[in-house]
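As provided, work.cif (mmCIF, C-alpha atoms) reads as follows.
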data_final
loop_
_atom_site.label_atom_id
_atom_site.label_comp_id
_atom_site.auth_asym_id
_atom_site.auth_seq_id
_atom_site.Cartn_x
_atom_site.Cartn_y
_atom_site.Cartn_z
CA MET A 30 0.00 0.00 0.00
CA TRP A 31 1.22 3.46 -0.88
CA GLU A 32 2.44 5.46 2.12
CA PHE A 33 2.36 9.22 2.07
CA GLY A 34 5.62 10.74 3.30
CA ILE A 35 7.52 14.00 3.40
CA LYS A 36 9.03 13.34 -0.03
CA ASP A 37 5.56 13.01 -1.50
CA LEU A 38 4.52 16.30 0.11
CA ILE A 39 7.56 18.06 -1.34
CA ASP A 40 6.82 16.48 -4.72
CA ILE A 41 3.22 17.75 -4.69
CA LEU A 42 4.21 21.23 -3.53
CA GLY A 43 6.86 21.39 -6.23
CA VAL A 44 4.38 20.48 -8.96
CA ALA A 45 1.85 22.97 -7.56
CA ALA A 46 4.47 25.75 -7.54
CA LEU A 47 5.47 24.90 -11.11
CA MET A 48 1.84 24.95 -12.29
CA PHE A 49 1.23 28.27 -10.52
CA TYR A 50 4.31 29.80 -12.14
CA LEU A 51 3.30 28.54 -15.58
CA TYR A 52 -0.23 29.88 -15.02
CA ARG A 53 1.03 33.37 -14.14
CA TRP A 54 3.49 33.33 -17.02
CA SER A 55 0.89 32.22 -19.57
CA LYS A 56 -1.66 34.72 -18.26
CA GLY A 57 0.84 37.55 -18.55
CA ASN A 58 1.80 36.55 -22.10
CA GLY A 59 -1.74 36.01 -23.34
CA THR A 60 -1.26 32.24 -23.79
CA ILE A 61 -3.66 31.12 -21.06
CA VAL A 62 -5.69 29.09 -23.59
CA ILE A 63 -2.61 27.02 -24.48
CA PHE A 64 -1.90 26.52 -20.78
CA LYS A 65 -5.44 25.21 -20.18
CA GLY A 66 -5.14 22.85 -23.15
CA LEU A 67 -1.80 21.57 -21.84
CA ILE A 68 -3.30 20.94 -18.40
CA ALA A 69 -6.21 19.04 -19.97
CA ILE A 70 -3.81 16.81 -21.90
CA ILE A 71 -1.70 16.12 -18.79
CA VAL A 72 -4.76 15.27 -16.67
CA LEU A 73 -6.06 12.92 -19.39
CA TRP A 74 -2.62 11.34 -19.80
CA VAL A 75 -2.24 10.73 -16.04
CA GLY A 76 -5.77 9.32 -15.85
CA LEU A 77 -5.19 6.85 -18.66
CA ARG A 78 -1.92 5.64 -17.14
CA PHE A 79 -3.51 5.34 -13.69
CA PHE A 80 -6.36 3.15 -15.00
CA GLU A 81 -3.91 1.25 -17.24
CA PHE A 82 -5.49 1.98 -20.62
CA ARG A 83 -2.47 0.74 -22.52
CA LEU A 84 -3.54 1.49 -26.09
CA LEU A 85 -4.96 4.96 -25.40
CA GLY A 86 -2.11 5.63 -23.00
CA GLY A 87 0.47 4.70 -25.65
CA ILE A 88 -1.19 6.97 -28.20
CA LEU A 89 -1.29 9.83 -25.72
CA ASP A 90 2.38 9.21 -24.85
CA LEU A 91 3.19 9.93 -28.49
CA VAL A 92 0.94 13.00 -28.50
CA VAL A 93 2.61 14.37 -25.36
CA SER A 94 6.10 13.80 -26.80
CA VAL A 95 5.22 15.59 -30.03
CA SER A 96 3.48 18.36 -28.08
CA MET A 97 6.63 19.05 -26.07
CA VAL A 98 8.62 19.54 -29.28
CA ILE A 99 5.94 21.83 -30.68
CA LEU A 100 5.86 23.88 -27.49
CA VAL A 101 9.64 24.31 -27.57
CA ILE A 102 9.40 25.58 -31.15
CA LEU A 103 6.48 27.91 -30.41
CA PHE A 104 7.98 29.35 -27.24
CA GLN A 105 11.67 29.29 -28.07
CA ASN A 106 12.07 33.01 -27.34
CA GLU A 107 10.28 32.75 -23.99
CA ILE A 108 12.33 29.68 -23.02
CA ARG A 109 15.53 31.52 -23.98
CA GLN A 110 14.50 34.49 -21.83
CA ALA A 111 13.70 32.21 -18.88
CA LEU A 112 17.10 30.50 -19.15
CA ILE A 113 18.85 33.87 -19.36
CA ARG A 114 17.07 35.01 -16.22
CA LEU A 115 17.78 31.73 -14.43
CA GLY A 116 21.49 31.90 -15.25
CA SER A 117 21.85 35.62 -14.63
CA ARG A 118 24.40 36.96 -12.24
CA HIS A 119 21.60 38.54 -10.20
CA GLN A 120 19.99 35.17 -9.46
CA TRP A 121 23.26 33.65 -8.28
CA SER A 122 24.17 36.80 -6.33
CA SER A 123 20.81 36.70 -4.56
CA MET A 124 21.40 33.07 -3.63
CA LEU A 125 24.87 33.79 -2.32
CA ARG A 126 23.59 36.76 -0.31
CA PHE A 127 20.90 34.49 1.15
CA PHE A 128 23.61 32.22 2.50
CA GLY A 129 25.69 35.20 3.58
CA LYS A 130 28.51 34.64 1.09
CA GLU A 131 28.35 37.88 -0.82
CA GLU A 132 27.75 41.52 0.01
CA LEU A 133 26.21 44.06 -2.29
CA ALA A 134 28.70 46.37 -3.92
CA LYS A 135 27.69 49.90 -3.07
CA ASN A 136 28.49 52.87 -5.22
CA ASP A 137 28.48 56.19 -3.40
CA ASP A 138 28.68 58.14 -6.63
CA THR A 139 25.07 59.02 -7.43
CA LYS A 140 25.67 62.12 -9.51
CA TRP A 141 24.69 60.24 -12.65
CA VAL A 142 21.18 59.78 -11.23
CA ASP A 143 20.74 63.54 -10.90
CA ALA A 144 21.95 63.95 -14.48
CA VAL A 145 19.41 61.40 -15.75
CA ILE A 146 16.58 63.08 -13.80
CA LEU A 147 17.49 66.53 -15.12
CA ALA A 148 17.77 65.30 -18.71
CA CYS A 149 14.43 63.49 -18.49
CA GLN A 150 12.82 66.63 -17.11
CA HIS A 151 14.06 68.74 -20.02
CA MET A 152 13.17 66.10 -22.62
CA SER A 153 9.73 65.68 -21.08
CA GLU A 154 9.05 69.41 -21.31
CA HIS A 155 10.04 69.47 -24.99
CA LYS A 156 8.51 66.05 -25.80
CA VAL A 157 11.77 64.48 -26.89
CA GLY A 158 11.61 60.69 -26.92
CA ALA A 159 14.23 58.81 -24.93
CA LEU A 160 15.05 55.25 -23.88
CA ILE A 161 17.65 54.80 -21.12
CA VAL A 162 18.68 51.39 -19.75
CA VAL A 163 20.34 51.39 -16.33
CA GLN A 164 22.26 48.18 -15.73
CA ARG A 165 22.22 46.67 -12.24
CA TYR A 166 23.54 43.12 -11.69
CA ASP A 167 22.70 41.35 -14.94
CA ASP A 168 24.93 41.99 -17.94
CA VAL A 169 22.68 43.84 -20.38
CA GLU A 170 25.09 44.25 -23.29
CA PRO A 171 24.67 40.71 -24.73
CA LEU A 172 20.91 41.31 -24.86
CA ILE A 173 21.25 44.40 -27.05
CA SER A 174 21.26 43.23 -30.66
CA PRO A 175 22.51 44.81 -32.77
CA PRO A 176 24.69 46.64 -30.24
CA GLY A 177 24.81 50.40 -30.19
CA CYS A 178 27.64 52.87 -30.58
CA GLU A 179 30.22 52.48 -27.81
CA MET A 180 30.78 55.67 -25.84
CA ASP A 181 32.24 55.16 -22.32
CA ALA A 182 31.40 58.72 -21.32
CA ILE A 183 30.57 60.55 -18.12
CA VAL A 184 26.82 60.82 -17.56
CA SER A 185 25.68 64.39 -17.97
CA ALA A 186 22.27 65.89 -18.68
CA ARG A 187 23.57 67.82 -21.68
CA LEU A 188 25.12 64.73 -23.27
CA ILE A 189 21.95 62.67 -22.77
CA GLU A 190 19.85 65.42 -24.36
CA GLN A 191 22.25 65.68 -27.30
CA VAL A 192 22.09 61.93 -27.91
CA PHE A 193 18.28 61.92 -27.99
CA PHE A 194 17.95 65.17 -29.93
CA LYS A 195 15.67 64.49 -32.90
CA ASN A 196 18.32 65.29 -35.50
CA SER A 197 21.03 63.29 -33.75
CA PRO A 198 22.16 60.09 -35.56
CA LEU A 199 22.02 58.25 -32.20
CA HIS A 200 18.55 59.31 -31.05
CA ASP A 201 16.71 56.28 -32.45
CA GLY A 202 17.68 53.56 -30.00
CA ALA A 203 18.55 52.86 -26.37
CA MET A 204 21.27 54.34 -24.20
CA LEU A 205 23.00 51.98 -21.77
CA ILE A 206 24.30 53.32 -18.45
CA ARG A 207 26.65 50.93 -16.68
CA ASN A 208 28.63 51.60 -13.49
CA GLY A 209 27.64 55.26 -13.55
CA ARG A 210 28.88 55.85 -17.10
CA ILE A 211 27.29 55.90 -20.54
CA ALA A 212 28.44 52.64 -22.11
CA GLN A 213 26.69 52.90 -25.47
CA ALA A 214 23.86 54.56 -27.38
CA ALA A 215 21.52 53.69 -30.26
CA GLY A 216 21.24 50.04 -29.23
CA VAL A 217 18.32 47.86 -30.30
CA LEU A 218 16.40 46.16 -27.50
CA PRO A 219 14.20 43.05 -27.67
CA THR A 220 10.52 44.00 -27.70
CA SER A 221 7.97 42.53 -25.34
CA ARG A 222 5.45 40.04 -26.72
CA ASN A 223 3.04 40.61 -23.85
CA ARG A 224 -0.40 41.04 -25.40
CA ARG A 225 -1.69 42.92 -22.38
CA ILE A 226 0.42 46.00 -23.11
CA PRO A 227 -1.89 48.98 -23.77
CA ALA A 228 -2.26 49.74 -27.47
CA GLU A 229 -1.25 53.38 -27.02
CA LEU A 230 2.26 52.43 -25.94
CA GLY A 231 4.74 52.57 -28.80
CA LEU A 232 7.95 50.79 -29.70
CA ARG A 233 10.04 52.54 -27.03
CA HIS A 234 7.80 51.33 -24.23
CA ARG A 235 7.57 47.83 -25.69
CA SER A 236 11.35 47.67 -25.98
CA ALA A 237 11.72 48.92 -22.41
CA LEU A 238 9.35 46.23 -21.17
CA GLY A 239 11.05 43.62 -23.34
CA ILE A 240 14.51 44.15 -21.86
CA SER A 241 13.10 44.45 -18.32
CA GLU A 242 11.42 41.05 -18.69
CA ILE A 243 14.71 39.19 -19.16
CA CYS A 244 17.07 41.06 -16.85
CA ASP A 245 17.03 43.24 -13.74
CA ALA A 246 17.83 46.51 -15.51
CA GLN A 247 15.77 49.61 -14.83
CA VAL A 248 14.58 51.32 -18.00
CA VAL A 249 13.51 54.95 -18.21
CA VAL A 250 11.27 56.00 -21.10
CA VAL A 251 10.28 59.51 -22.15
CA SER A 252 7.29 59.56 -24.46
CA GLU A 253 7.68 61.59 -27.64
CA GLU A 254 3.88 61.97 -27.95
CA THR A 255 2.92 62.98 -24.39
CA GLY A 256 6.20 63.81 -22.68
CA ASP A 257 5.33 61.40 -19.84
CA ILE A 258 8.18 59.67 -18.04
CA SER A 259 7.85 55.95 -17.31
CA LEU A 260 9.97 53.41 -15.48
CA CYS A 261 10.08 49.72 -16.44
CA TYR A 262 11.37 47.04 -14.08
CA ARG A 263 10.89 43.25 -14.10
CA GLY A 264 8.30 43.43 -16.86
CA ARG A 265 6.18 46.07 -15.14
CA ILE A 266 5.76 49.70 -16.08
CA THR A 267 5.09 52.72 -13.90
CA ARG A 268 3.66 55.37 -16.18
CA GLY A 269 3.76 59.09 -15.43
CA ILE A 270 6.26 58.62 -12.61
CA SER A 271 7.27 61.78 -10.77
CA GLN A 272 10.85 62.98 -10.71
CA ALA A 273 11.11 62.36 -6.97
CA LYS A 274 9.89 58.75 -7.28
CA LEU A 275 12.11 58.13 -10.30
CA GLN A 276 15.14 59.38 -8.40
CA LYS A 277 14.28 57.19 -5.42
CA GLN A 278 13.84 54.10 -7.60
CA LEU A 279 17.12 54.61 -9.44
CA LEU A 280 18.93 55.10 -6.14
CA ASP A 281 17.24 52.20 -4.35
CA GLY A 282 17.25 49.85 -7.32
CA LYS A 283 13.80 48.56 -6.37
CA PRO A 284 10.55 48.63 -8.37
CA HIS A 285 7.85 51.09 -7.45
CA LYS A 286 4.31 49.78 -7.25
CA ASN A 287 2.41 50.52 -10.41
CA ASN A 288 -0.60 52.83 -10.03
#
Mind converting the file's structure to structure tokens?
Amino acid sequence: MWEFGIKDLIDILGVAALMFYLYRWSKGNGTIVIFKGLIAIIVLWVGLRFFEFRLLGGILDLVVSVSMVILVILFQNEIRQALIRLGSRHQWSSMLRFFGKEELAKNDDTKWVDAVILACQHMSEHKVGALIVVQRYDDVEPLISPPGCEMDAIVSARLIEQVFFKNSPLHDGAMLIRNGRIAQAAGVLPTSRNRRIPAELGLRHRSALGISEICDAQVVVVSEETGDISLCYRGRITRGISQAKLQKQLLDGKPHKNN
């Protein structure tokens, strides 16, 4: 007779956590229908094996195997993003900090934050579009394809405004700020495939959300149409963020609750 033990409890909780994560992920990406269909197939497959329907079970085994290949093909970009996030430096750093093996590196130089805030204020007033990626733990550069123009310059409000000036050859793309310096400009970011993004948000906002979904970078967006300033972090966007809140978020490195 089957005995229920602690290993079985852990097994059930693990499967439940996996299903919950897949449910949230599919709901956020607009693929909830596929998730429900996959659950139905799994339940049917388990039921047939439990009641020992060998012929139907064998056919469904083949269907499940083929379905897994199809799912990998359909969601290859999402799987790649999940693996990038899983293997990111931030994930391992968080684990090491949990066990007390690593301390956060603190940078007392926050002048670049004031420069970003001032530049965003000016660009917002004149409705100049901008897309600024602030790297934290995860290496953002490999995710920018094609890469932008390398700069390695001191962050200043005037330089940021010149880069995003409408007639500038570097204005159409993303600026990367790394370690308090401008690393590159005019980079191309991966766009989000989330179907729940409001239709009025353009390519800049979708690119900001796209890069924030696969790494821990903070992304500042200035809308060319409205002049509103937004902050994207971990796949979430805070629209119309105030300068004070934006400054706090860039300094703290933590997401602000979306309104």
Just say which residues the PyMOL selection byres ((chain A and resi 183) around 7) picks in this file, as a PyMOL selection string.
-> chain A and resi 182+184-185+210-211
From the set A:Ile189, A:Asp40, A:Ile35, A:Gln164, which residue has the shortest atom-to-atom contact distance to Ile146 (chain A), counting only C-alpha atoms?
->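 Smallest separation from Ile146 (chain A) among the options: A:Ile189.
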Considering only C-alpha atoms, return as an MDAnalysis selection string whatever protein or nucleic-acid residues lie within 8 Å of Gly269 (chain A), sequence-local ones (same chain, fewer than 5 positions apart) excluded.
-> chainID A and resid 257:259
Find the residues near Pro176 (chain A): any atom within 6 Å, counting all atoms listed in the file, skip ones fewer than 2 places away on the same chain, and give them as a list in words.
-> Ile173, Ser174 and Gly216 of chain A
What residues come out when you apply the PyMOL selection byres ((chain A and resi 193) around 12) to this file, written as a PyMOL selection string?
-> chain A and resi 148-149+151-153+155-161+186-192+194-204+214-215+250-253
Just C-alpha atoms for this one: save the residues we selected as a PDB file, in the coordinates of the input.
ATOM      1  CA  ALA A 148      17.770  65.300 -18.710  1.00  0.00           C
ATOM      2  CA  CYS A 149      14.430  63.490 -18.490  1.00  0.00           C
ATOM      3  CA  HIS A 151      14.060  68.740 -20.020  1.00  0.00           C
ATOM      4  CA  MET A 152      13.170  66.100 -22.620  1.00  0.00           C
ATOM      5  CA  SER A 153       9.730  65.680 -21.080  1.00  0.00           C
ATOM      6  CA  HIS A 155      10.040  69.470 -24.990  1.00  0.00           C
ATOM      7  CA  LYS A 156       8.510  66.050 -25.800  1.00  0.00           C
ATOM      8  CA  VAL A 157      11.770  64.480 -26.890  1.00  0.00           C
ATOM      9  CA  GLY A 158      11.610  60.690 -26.920  1.00  0.00           C
ATOM     10  CA  ALA A 159      14.230  58.810 -24.930  1.00  0.00           C
ATOM     11  CA  LEU A 160      15.050  55.250 -23.880  1.00  0.00           C
ATOM     12  CA  ILE A 161      17.650  54.800 -21.120  1.00  0.00           C
ATOM     13  CA  ALA A 186      22.270  65.890 -18.680  1.00  0.00           C
ATOM     14  CA  ARG A 187      23.570  67.820 -21.680  1.00  0.00           C
ATOM     15  CA  LEU A 188      25.120  64.730 -23.270  1.00  0.00           C
ATOM     16  CA  ILE A 189      21.950  62.670 -22.770  1.00  0.00           C
ATOM     17  CA  GLU A 190      19.850  65.420 -24.360  1.00  0.00           C
ATOM     18  CA  GLN A 191      22.250  65.680 -27.300  1.00  0.00           C
ATOM     19  CA  VAL A 192      22.090  61.930 -27.910  1.00  0.00           C
ATOM     20  CA  PHE A 194      17.950  65.170 -29.930  1.00  0.00           C
ATOM     21  CA  LYS A 195      15.670  64.490 -32.900  1.00  0.00           C
ATOM     22  CA  ASN A 196      18.320  65.290 -35.500  1.00  0.00           C
ATOM     23  CA  SER A 197      21.030  63.290 -33.750  1.00  0.00           C
ATOM     24  CA  PRO A 198      22.160  60.090 -35.560  1.00  0.00           C
ATOM     25  CA  LEU A 199      22.020  58.250 -32.200  1.00  0.00           C
ATOM     26  CA  HIS A 200      18.550  59.310 -31.050  1.00  0.00           C
ATOM     27  CA  ASP A 201      16.710  56.280 -32.450  1.00  0.00           C
ATOM     28  CA  GLY A 202      17.680  53.560 -30.000  1.00  0.00           C
ATOM     29  CA  ALA A 203      18.550  52.860 -26.370  1.00  0.00           C
ATOM     30  CA  MET A 204      21.270  54.340 -24.200  1.00  0.00           C
ATOM     31  CA  ALA A 214      23.860  54.560 -27.380  1.00  0.00           C
ATOM     32  CA  ALA A 215      21.520  53.690 -30.260  1.00  0.00           C
ATOM     33  CA  VAL A 250      11.270  56.000 -21.100  1.00  0.00           C
ATOM     34  CA  VAL A 251      10.280  59.510 -22.150  1.00  0.00           C
ATOM     35  CA  SER A 252       7.290  59.560 -24.460  1.00  0.00           C
ATOM     36  CA  GLU A 253       7.680  61.590 -27.640  1.00  0.00           C
TER      37      GLU A 253
END
